[in-house]
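Peer 1: Before anything else, here's the structure in question.
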Amino acid sequence: MFVMIIILVVNALQLPNAHLGLEFYLLPKFSALTPEAILAAIGLAFFTLGIGVGNMVAYGSYMGKDQAITSSSIYIILGNLLIAFLMGLIIFPSVFSFGI
């Protein structure tokens, strides 16, 4: 699945006007930041944390005694960040390319 994501990233970056999507995704525009946007971001963070805690409980119940919680948590965090970043590299160039 990871190879498929990389292929989609490469394809999305080759679309026309993909540079506009990359600019929107990677360059922050602090002038557009509103209290509503901050509140939405906080809500999303709490929602994500809630799902993460539930997943950690389920994962922890099946975890062996010989596994380290710290290293497993770090691997999960880094994997989640990498996949989320790559998904942004797929979504935003595609959206700007197709004019959605």
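Convention: chains lettered A, B, ... in structure tokens order; per-chain residue numbering from 1; ligands numbered from 1 as shown.
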For range 42-50 of chain A, list every protein, DNA or RNA residue within 12 Å, evaluated using only C-alpha atoms, and leave out those in the same chain fewer than 6 positions away; present the list as JSON, numbers by chain.

Peer 2: {"A": [35, 36, 56, 57, 77, 80]}

Peer 1: Once you have the residues from the selection above, write them out as a PDB file, in the first residue's frame, restricted to N, CA and C atoms.

Peer 2:
ATOM      1  N   PRO A  35     -10.555  32.857  14.454  1.00  0.00           N
ATOM      2  CA  PRO A  35     -10.905  32.089  15.655  1.00  0.00           C
ATOM      3  C   PRO A  35     -11.694  30.816  15.327  1.00  0.00           C
ATOM      4  N   GLU A  36     -12.527  30.863  14.306  1.00  0.00           N
ATOM      5  CA  GLU A  36     -13.278  29.667  13.907  1.00  0.00           C
ATOM      6  C   GLU A  36     -12.339  28.564  13.423  1.00  0.00           C
ATOM      7  N   MET A  56      -4.816   2.814  21.124  1.00  0.00           N
ATOM      8  CA  MET A  56      -3.724   2.425  22.015  1.00  0.00           C
ATOM      9  C   MET A  56      -4.189   1.398  23.038  1.00  0.00           C
ATOM     10  N   VAL A  57      -5.403   1.551  23.540  1.00  0.00           N
ATOM     11  CA  VAL A  57      -5.937   0.569  24.492  1.00  0.00           C
ATOM     12  C   VAL A  57      -6.073  -0.793  23.822  1.00  0.00           C
ATOM     13  N   ILE A  77       3.691   6.956  15.723  1.00  0.00           N
ATOM     14  CA  ILE A  77       3.620   8.405  15.510  1.00  0.00           C
ATOM     15  C   ILE A  77       4.303   8.792  14.205  1.00  0.00           C
ATOM     16  N   ASN A  80       2.285   7.582  11.213  1.00  0.00           N
ATOM     17  CA  ASN A  80       1.083   8.404  11.034  1.00  0.00           C
ATOM     18  C   ASN A  80       1.425   9.753  10.408  1.00  0.00           C
TER      19      ASN A  80
END

Peer 1: Excluding Val10 in chain A and any residue of its chain fewer than 5 positions from it, enumerate the residues within 12 Å of it, using only C-alpha atoms, and give them as a list in words.

Peer 2: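 Listed by chain and then number, they are Val3, Met4, Ile5, Leu15, Ala18, Leu86, Met87, Leu89, Ile90, Ile91, Pro93 and Ser94 of chain A.
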
Peer 1: Going by DSSP on the backbone, which residues of chain A come out as helix (DSSP H, G or I)? List them as a compact mmCIF listing (two decimals) with C-alpha atoms, in the first residue's frame.

Peer 2:
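states-v3.txt, freshly written:
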# COMPACT_ATOMS: atom_id res chain seq x y z
CA PHE A 2 2.91 2.35 0.74
CA VAL A 3 4.26 1.84 -2.80
CA MET A 4 0.82 2.69 -4.16
CA ILE A 5 0.79 5.92 -2.11
CA ILE A 6 4.21 6.91 -3.48
CA ILE A 7 2.96 6.27 -7.04
CA LEU A 8 -0.07 8.48 -6.37
CA VAL A 9 2.19 11.24 -4.99
CA VAL A 10 4.35 11.15 -8.11
CA ASN A 11 1.27 11.23 -10.36
CA ALA A 12 -0.36 14.06 -8.40
CA LEU A 13 2.80 16.18 -8.54
CA ALA A 18 0.01 21.04 -9.02
CA HIS A 19 2.38 23.78 -7.90
CA LEU A 20 -0.62 25.84 -6.72
CA GLY A 21 -1.74 22.97 -4.52
CA LEU A 22 1.76 22.55 -3.10
CA GLU A 23 1.94 26.27 -2.36
CA PHE A 24 -1.41 26.14 -0.56
CA TYR A 25 -0.39 23.02 1.40
CA LEU A 26 3.17 23.92 2.40
CA PHE A 30 -1.37 33.43 8.85
CA SER A 31 -3.57 36.32 7.69
CA ALA A 32 -6.35 33.81 6.91
CA PRO A 35 -10.91 32.09 15.66
CA GLU A 36 -13.28 29.67 13.91
CA ALA A 37 -10.35 27.96 12.19
CA ILE A 38 -8.47 27.68 15.48
CA LEU A 39 -11.55 26.18 17.17
CA ALA A 40 -11.98 23.70 14.30
CA ALA A 41 -8.31 22.68 14.59
CA ILE A 42 -8.67 22.14 18.34
CA GLY A 43 -11.79 20.04 17.75
CA LEU A 44 -9.97 17.93 15.17
CA ALA A 45 -7.03 17.47 17.56
CA PHE A 46 -9.31 16.22 20.34
CA PHE A 47 -11.17 13.93 17.95
CA THR A 48 -7.88 12.47 16.72
CA LEU A 49 -6.61 12.04 20.27
CA GLY A 50 -9.81 10.23 21.22
CA ILE A 51 -9.42 7.77 18.37
CA GLY A 52 -5.73 7.38 19.18
CA VAL A 53 -6.41 6.57 22.83
CA GLY A 54 -8.95 3.93 21.83
CA ASN A 55 -6.49 2.39 19.41
CA MET A 56 -3.72 2.43 22.01
CA VAL A 57 -5.94 0.57 24.49
CA ALA A 58 -6.78 -2.08 21.89
CA TYR A 59 -3.15 -2.37 20.75
CA GLY A 60 -1.87 -2.49 24.32
CA SER A 61 -4.18 -5.34 25.26
CA TYR A 62 -2.62 -7.54 22.57
CA ILE A 69 5.74 0.72 24.61
CA THR A 70 7.98 3.73 23.93
CA SER A 71 9.52 2.44 20.71
CA SER A 72 6.16 1.14 19.45
CA SER A 73 4.59 4.54 20.12
CA ILE A 74 7.37 6.35 18.29
CA TYR A 75 7.00 4.06 15.25
CA ILE A 76 3.25 4.63 15.20
CA ILE A 77 3.62 8.40 15.51
CA LEU A 78 6.24 8.63 12.76
CA GLY A 79 4.23 6.36 10.46
CA ASN A 80 1.08 8.40 11.03
CA LEU A 81 2.90 11.68 10.32
CA LEU A 82 4.52 10.31 7.17
CA ILE A 83 1.27 8.94 5.74
CA ALA A 84 -0.64 12.13 6.60
CA PHE A 85 2.01 14.27 4.89
CA LEU A 86 2.02 12.07 1.80
CA MET A 87 -1.78 12.17 1.63
CA GLY A 88 -1.58 15.97 1.60
CA LEU A 89 0.86 15.72 -1.30
CA ILE A 90 -1.78 13.70 -3.16
CA ILE A 91 -4.93 15.62 -2.23
CA PHE A 92 -4.00 19.29 -2.58
CA PRO A 93 -2.23 19.16 -5.98
CA SER A 94 -5.11 17.04 -7.32
CA VAL A 95 -7.76 19.43 -6.01
CA PHE A 96 -6.04 22.47 -7.49
CA SER A 97 -5.35 20.66 -10.75
CA PHE A 98 -8.99 19.70 -11.30
